[in-house]
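To be precise, the following lines are upload-v3.txt, and they hold compact mmCIF, C-alpha atoms and all ligand atoms.
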```
# COMPACT_ATOMS: atom_id res chain seq x y z
CA MET I 1 21.02 -9.69 -48.44
CA ALA I 2 18.86 -7.77 -46.04
CA GLY I 3 19.62 -8.60 -42.37
CA ILE I 4 16.94 -10.10 -40.12
CA ASN I 5 15.75 -7.70 -37.44
CA VAL I 6 15.65 -9.98 -34.42
CA MET I 7 14.54 -7.15 -32.14
CA SER I 8 11.36 -6.51 -34.12
CA GLN I 9 10.54 -10.25 -34.11
CA GLU I 10 11.14 -10.92 -30.44
CA HIS I 11 10.25 -7.66 -28.81
CA ILE I 12 7.27 -5.40 -28.63
CA GLU I 13 7.34 -1.67 -28.12
CA VAL I 14 5.91 0.16 -25.15
CA ILE I 15 6.15 3.90 -24.59
CA VAL I 16 7.17 4.78 -21.05
CA SER I 17 7.18 8.48 -20.15
CA GLY I 18 7.31 9.33 -23.86
CA LYS I 19 10.31 7.10 -24.59
CA ALA I 20 10.19 3.83 -26.55
CA LEU I 21 10.96 0.68 -24.59
CA LYS I 22 11.68 -2.60 -26.39
CA ALA I 23 10.31 -5.38 -24.21
CA ARG I 24 9.99 -9.13 -24.32
CA PRO I 25 6.33 -10.22 -24.39
CA GLY I 26 5.25 -11.80 -21.14
CA LEU I 27 7.33 -9.56 -18.91
CA THR I 28 5.70 -7.25 -16.45
CA LEU I 29 6.25 -3.56 -17.03
CA THR I 30 8.54 -3.48 -14.02
CA HIS I 31 10.68 -6.34 -15.25
CA ALA I 32 10.79 -4.92 -18.78
CA LEU I 33 12.12 -1.67 -17.36
CA TRP I 34 14.67 -3.52 -15.25
CA GLU I 35 15.80 -5.54 -18.25
CA ALA I 36 16.27 -2.37 -20.29
CA GLY I 37 18.30 -0.69 -17.54
CA ARG I 38 15.50 1.82 -16.87
CA ALA I 39 14.49 0.66 -13.41
CA GLY I 40 14.48 4.18 -12.03
CA GLU I 41 11.62 5.32 -14.25
CA VAL I 42 8.86 3.66 -12.23
CA GLN I 43 9.22 3.17 -8.50
CA THR I 44 9.37 -0.37 -7.14
CA GLY I 45 8.67 -1.55 -3.63
CA CYS I 46 7.50 -5.12 -3.08
CA ASP I 47 7.37 -6.28 -6.73
CA GLY I 48 4.44 -8.35 -5.54
CA GLY I 49 1.32 -6.20 -5.98
CA VAL I 50 1.09 -5.14 -2.37
CA CYS I 51 2.68 -1.78 -1.71
CA GLY I 52 1.39 0.43 -4.56
CA ALA I 53 4.77 2.06 -5.16
CA CYS I 54 4.68 1.14 -8.85
CA THR I 55 1.28 2.64 -9.72
CA VAL I 56 1.14 3.77 -13.34
CA SER I 57 -1.42 5.20 -15.73
CA ILE I 58 -1.79 3.22 -18.94
CA GLN I 59 -3.40 3.77 -22.32
CA LEU I 60 -3.71 0.76 -24.60
CA LYS I 61 -3.18 1.02 -28.33
CA GLY I 62 -6.28 2.38 -30.05
CA ASP I 63 -8.12 3.05 -26.79
CA SER I 64 -8.42 6.55 -25.36
CA LYS I 65 -9.42 5.28 -21.89
CA THR I 66 -6.84 5.74 -19.13
CA LEU I 67 -6.35 2.81 -16.80
CA ILE I 68 -4.56 2.79 -13.50
CA ASP I 69 -2.59 -0.34 -12.66
CA LEU I 70 0.50 -1.67 -10.96
CA ALA I 71 3.60 -1.96 -13.15
CA CYS I 72 4.75 -5.05 -11.24
CA GLN I 73 1.47 -6.84 -12.03
CA ARG I 74 0.77 -5.67 -15.58
CA GLN I 75 2.22 -7.41 -18.60
CA VAL I 76 3.62 -5.34 -21.45
CA GLU I 77 1.44 -4.98 -24.53
CA ASP I 78 2.53 -3.65 -27.88
CA GLY I 79 1.74 0.04 -28.29
CA MET I 80 0.75 0.67 -24.67
CA THR I 81 1.62 4.09 -23.29
CA VAL I 82 2.68 4.31 -19.67
CA PHE I 83 3.28 7.11 -17.23
CA PRO I 84 4.27 6.76 -13.57
CA TYR I 85 1.51 7.79 -11.21
CA PRO I 86 3.23 8.69 -8.00
CA ALA I 87 0.73 10.08 -5.52
CA PRO I 88 2.60 12.68 -3.46
CA THR I 89 3.53 11.25 -0.09
CA ILE I 90 2.37 12.85 3.12
CA PRO I 91 3.93 12.48 6.57
CA ALA I 92 2.93 9.29 8.36
CA VAL I 93 0.71 9.61 11.42
CA ALA I 94 1.67 7.40 14.37
CA PRO I 95 -0.98 4.82 15.29
CA ASN I 96 -2.70 5.04 18.64
CA ARG I 97 -3.59 1.88 20.56
CA GLU I 98 -6.31 3.88 22.36
CA ILE I 99 -8.40 4.01 19.19
CA SER I 100 -11.62 5.98 19.64
CA PRO I 101 -13.77 8.61 17.85
CA GLU I 102 -11.68 11.24 19.63
CA SER I 103 -8.25 9.82 18.86
CA ILE I 104 -8.99 9.32 15.17
CA ARG I 105 -10.18 12.93 14.93
CA ALA I 106 -7.07 14.13 16.73
CA ALA I 107 -4.91 12.20 14.26
CA PHE I 108 -7.02 13.14 11.22
CA PRO I 109 -8.94 16.40 11.67
CA THR I 110 -9.94 15.87 8.01
CA LEU I 111 -12.29 13.00 8.91
CA ASP I 112 -15.46 15.08 9.12
CA ARG I 113 -14.80 16.94 5.90
CA CYS I 114 -16.17 14.10 3.77
CA THR I 115 -19.04 15.30 1.58
CA LYS I 116 -19.87 11.77 0.35
CA CYS I 117 -19.11 12.62 -3.26
CA GLY I 118 -18.06 9.00 -3.94
CA ALA I 119 -15.01 9.88 -6.05
CA CYS I 120 -12.68 7.80 -3.86
CA SER I 121 -14.79 4.65 -4.27
CA MET I 122 -15.05 5.13 -8.01
CA VAL I 123 -11.32 5.49 -8.54
CA CYS I 124 -10.13 2.66 -6.29
CA PRO I 125 -8.53 -0.07 -8.46
CA MET I 126 -9.16 -2.62 -5.69
CA ASP I 127 -12.92 -1.93 -5.48
CA ILE I 128 -12.68 -0.92 -1.85
CA PRO I 129 -15.85 0.90 -0.72
CA VAL I 130 -13.72 3.83 0.36
CA MET I 131 -16.51 6.35 0.91
CA ASP I 132 -18.56 3.88 2.99
CA SER I 133 -15.46 3.09 4.96
CA VAL I 134 -14.93 6.76 5.75
CA THR I 135 -18.51 6.78 7.05
CA ARG I 136 -17.70 3.72 9.18
CA MET I 137 -14.67 5.47 10.63
CA ARG I 138 -16.78 8.55 11.40
CA SER I 139 -19.23 6.41 13.35
CA GLY I 140 -16.52 4.47 15.22
CA ALA I 141 -17.00 1.16 13.35
CA PHE I 142 -13.24 0.61 13.30
CA GLU I 143 -13.13 -3.18 12.89
CA GLU I 144 -15.29 -2.97 9.78
CA ALA I 145 -13.24 -0.09 8.37
CA ALA I 146 -10.04 -2.05 8.98
CA GLU I 147 -11.51 -4.98 7.04
CA ASP I 148 -12.37 -2.67 4.14
CA PHE I 149 -8.74 -1.71 3.67
CA THR I 150 -7.34 -5.27 3.75
CA SER I 151 -6.69 -5.23 0.01
CA CYS I 152 -5.47 -1.60 -0.18
CA ILE I 153 -2.34 -1.32 -2.32
CA HIS I 154 -1.53 2.22 -1.14
CA CYS I 155 -1.73 3.70 -4.62
CA GLY I 156 -2.98 6.92 -3.06
CA GLN I 157 -5.57 7.64 -5.73
CA CYS I 158 -8.44 7.99 -3.26
CA ARG I 159 -6.44 10.76 -1.60
CA VAL I 160 -5.50 12.44 -4.87
CA VAL I 161 -9.10 12.65 -6.14
CA CYS I 162 -10.57 13.84 -2.84
CA GLU I 163 -11.21 17.54 -3.21
CA ASP I 164 -11.94 17.77 0.49
CA ARG I 165 -8.51 16.31 1.36
CA VAL I 166 -9.95 13.67 3.64
CA LYS I 167 -6.99 11.23 3.16
CA PRO I 168 -9.12 8.07 3.25
CA HIS I 169 -6.45 5.40 2.80
CA ASN I 170 -4.10 7.05 5.28
CA MET I 171 -6.91 6.88 7.81
CA GLY I 172 -7.66 3.28 6.85
CA MET I 173 -4.04 2.30 7.46
CA TRP I 174 -3.99 4.24 10.71
CA VAL I 175 -7.06 2.30 11.89
CA ARG I 176 -5.52 -1.04 10.90
CA ARG I 177 -2.24 -0.23 12.61
CA SER I 178 -3.92 1.14 15.72
CA LEU I 179 -6.11 -1.95 16.11
CA GLY I 180 -3.09 -4.20 15.52
CA MET I 181 -1.10 -2.29 18.09
CA ALA I 182 -3.92 -2.53 20.63
CA GLN I 183 -4.20 -6.29 20.16
CA ASN I 184 -0.47 -6.93 20.25
CA TRP I 185 -0.11 -4.71 23.26
CA GLU I 186 -2.56 -6.87 25.18
CA ARG I 187 -0.72 -10.01 24.11
CA LEU I 188 2.56 -8.46 25.15
CA ALA I 189 1.12 -7.37 28.46
CA GLY I 190 0.27 -11.02 29.12
CA SER I 191 3.75 -12.25 28.26
CA ALA I 192 6.45 -13.56 30.53
CA VAL I 193 7.62 -10.14 31.68
CA ASN I 194 5.80 -7.54 33.74
CA SER I 195 4.91 -4.65 31.46
CA PRO I 196 4.50 -3.94 27.75
CA ASP I 197 7.53 -1.67 27.89
CA GLU I 198 9.67 -4.45 29.30
CA SER I 199 8.34 -6.79 26.63
CA TRP I 200 9.32 -4.36 23.89
CA ASP I 201 12.76 -4.05 25.46
CA LEU I 202 13.05 -7.81 25.38
CA LEU I 203 12.15 -7.84 21.70
CA LEU I 204 14.33 -4.93 20.69
CA ASP I 205 17.31 -4.98 23.01
CA CYS I 206 19.17 -7.96 21.58
CA ASP I 207 21.17 -9.02 18.55
CA GLU I 208 19.37 -9.61 15.26
CA GLU I 209 19.35 -13.39 15.41
CA THR I 210 17.91 -13.46 18.92
CA ARG I 211 15.32 -10.84 17.95
CA LEU I 212 14.15 -12.92 15.01
CA ALA I 213 13.87 -16.00 17.19
CA ARG I 214 11.93 -14.07 19.84
CA CYS I 215 9.61 -12.53 17.22
CA ARG I 216 8.85 -15.97 15.78
CA GLU I 217 8.17 -17.28 19.25
CA PHE I 218 5.94 -14.28 19.99
CA ARG I 219 3.94 -14.78 16.79
CA LYS I 220 3.34 -18.43 17.71
CA THR I 221 2.65 -18.09 21.40
CA GLY I 222 1.94 -14.43 22.15
CA ARG I 223 4.68 -14.62 24.79
CA VAL I 224 8.32 -13.61 24.91
CA GLU I 225 10.53 -15.56 27.26
CA SER I 226 13.77 -13.93 28.30
S1 LIG I 301 -13.54 11.59 -2.26
FE1 LIG I 301 -13.28 12.56 -0.24
S2 LIG I 301 -15.18 13.73 0.07
FE2 LIG I 301 -15.57 12.30 -1.61
S3 LIG I 301 -16.50 10.49 -0.58
FE3 LIG I 301 -14.28 10.12 -0.74
S4 LIG I 301 -13.46 10.85 1.22
FE4 LIG I 301 -15.52 11.72 1.02
S1 LIG I 302 -4.93 3.83 -1.72
FE1 LIG I 302 -7.12 4.27 -1.94
S2 LIG I 302 -7.55 4.01 -4.10
FE2 LIG I 302 -5.59 2.99 -3.71
S3 LIG I 302 -6.11 0.86 -3.26
FE3 LIG I 302 -6.04 1.92 -1.30
S4 LIG I 302 -8.15 2.56 -0.92
FE4 LIG I 302 -8.01 2.06 -3.10
S1 LIG I 303 6.12 -2.70 -6.39
FE1 LIG I 303 4.72 -2.96 -4.77
S2 LIG I 303 2.82 -3.08 -5.79
FE2 LIG I 303 4.26 -3.02 -7.40
```

Reformat the file's structure so that it appears as structure tokens.
Ligand code: SF4
Ligand code: SF4
Ligand code: FES
Amino acid sequence: MAGINVMSQEHIEVIVSGKALKARPGLTLTHALWEAGRAGEVQTGCDGGVCGACTVSIQLKGDSKTLIDLACQRQVEDGMTVFPYPAPTIPAVAPNREISPESIRAAFPTLDRCTKCGACSMVCPMDIPVMDSVTRMRSGAFEEAAEDFTSCIHCGQCRVVCEDRVKPHNMGMWVRRSLGMAQNWERLAGSAVNSPDESWDLLLDCDEETRLARCREFRKTGRVES
């Protein structure tokens, strides 16, 4: 009597980097890879759709279009073909709480290279108006630019497609971090101790449990008591 092939009944087949992967329907690509012991084939960061580490290119069965998506958010489908899409990393640029047209240009001399080709906006899977945001950063509209990048998943595609190497999302993150730093610095300056440096010492120079308690207190009140 012919045996029953349980695998073919309960699993679908996905091709990841040219190699067949048997996966349970309903799993995300990330979890299917984990379950098959192939976790190392696509990077994972947050497993929550935030960090962009797991960006992949996907072709669905019978469709020649290439999609870009996050492996941790995309469910497996029979016959889908998947390749990791790791945008090459570039060194981080430290934020600057003195954010200004000059300081952003010092951090990113690429800012004025934008030729408004629109490729970055077209490729963004989160529909961020990347090109417009670059224009906002050029004109010093930093709050608006920071808002634009709220939903950025750091997939890096806007940087990869930019022939002028403008690095839009790196600039967007720099703006968000710089504004955050400026705001927190003011809150720290108004805390129970005399200077921002002392406040940072108070937050950092203690054991982990105390630091967590002080950070929670700071988030609630904007003050750090010794
Ligand atoms: S892809 Fe580069 S040059 Fe084109 S609009 Fe975006 S940032 Fe500007
Ligand atoms: S890195 Fe660029 S393309 Fe990717 S989500 Fe952020 S803005 Fe969009
Ligand atoms: S692992 Fe962070 S977005 Fe998928």

Handout entry: Close residues, His31 (chain I) itself excluded, 10 Å, only C-alpha atoms, min 6 positions apart in chain, as a PyMOL selection string
Key = chain I and resi 23-24+37-39+47+71-76

Practice task
Give as number ranges by chain the residues surrounding ligand LIG 302 (chain I) up to a distance of 7 Å, considering only C-alpha atoms and all ligand atoms.
Solution key: I: 120, 123-128, 130, 149, 151-159, 168-169

Edge lengths and centre, in Å to one decimal, as AutoDock Vina command-line options: that's what I need for the box along x, y and z that holds all listed atoms of ligand LIG 301 (chain I) plus 6 Å on each side.
```
--center_x -14.9 --center_y 11.9 --center_z -0.5 --size_x 15.2 --size_y 15.6 --size_z 15.5
```

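We find CA of Cys162 (chain I) and atom FE1 of ligand LIG 303 (chain I) to be spaced 22.8 Å apart.
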
Practice task
Could the residues that lie within 7 Å of ligand LIG 301 (chain I), counting all atoms listed in the file, be listed as a ChimeraX atom specification?
Solution key: /I:113-121,130-131,134,158,161-168

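You will find CA of Met173 (chain I) at 15.9 Å from CA of Ala87 (chain I).
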
Problem - Top pick for closest residue to ligand LIG 303 (chain I), considering I:Pro84, I:Ile12, I:Glu102, I:Lys22 and counting all atoms listed in the file - result: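 Closest to ligand LIG 303 (chain I) of all the choices is I:Pro84.
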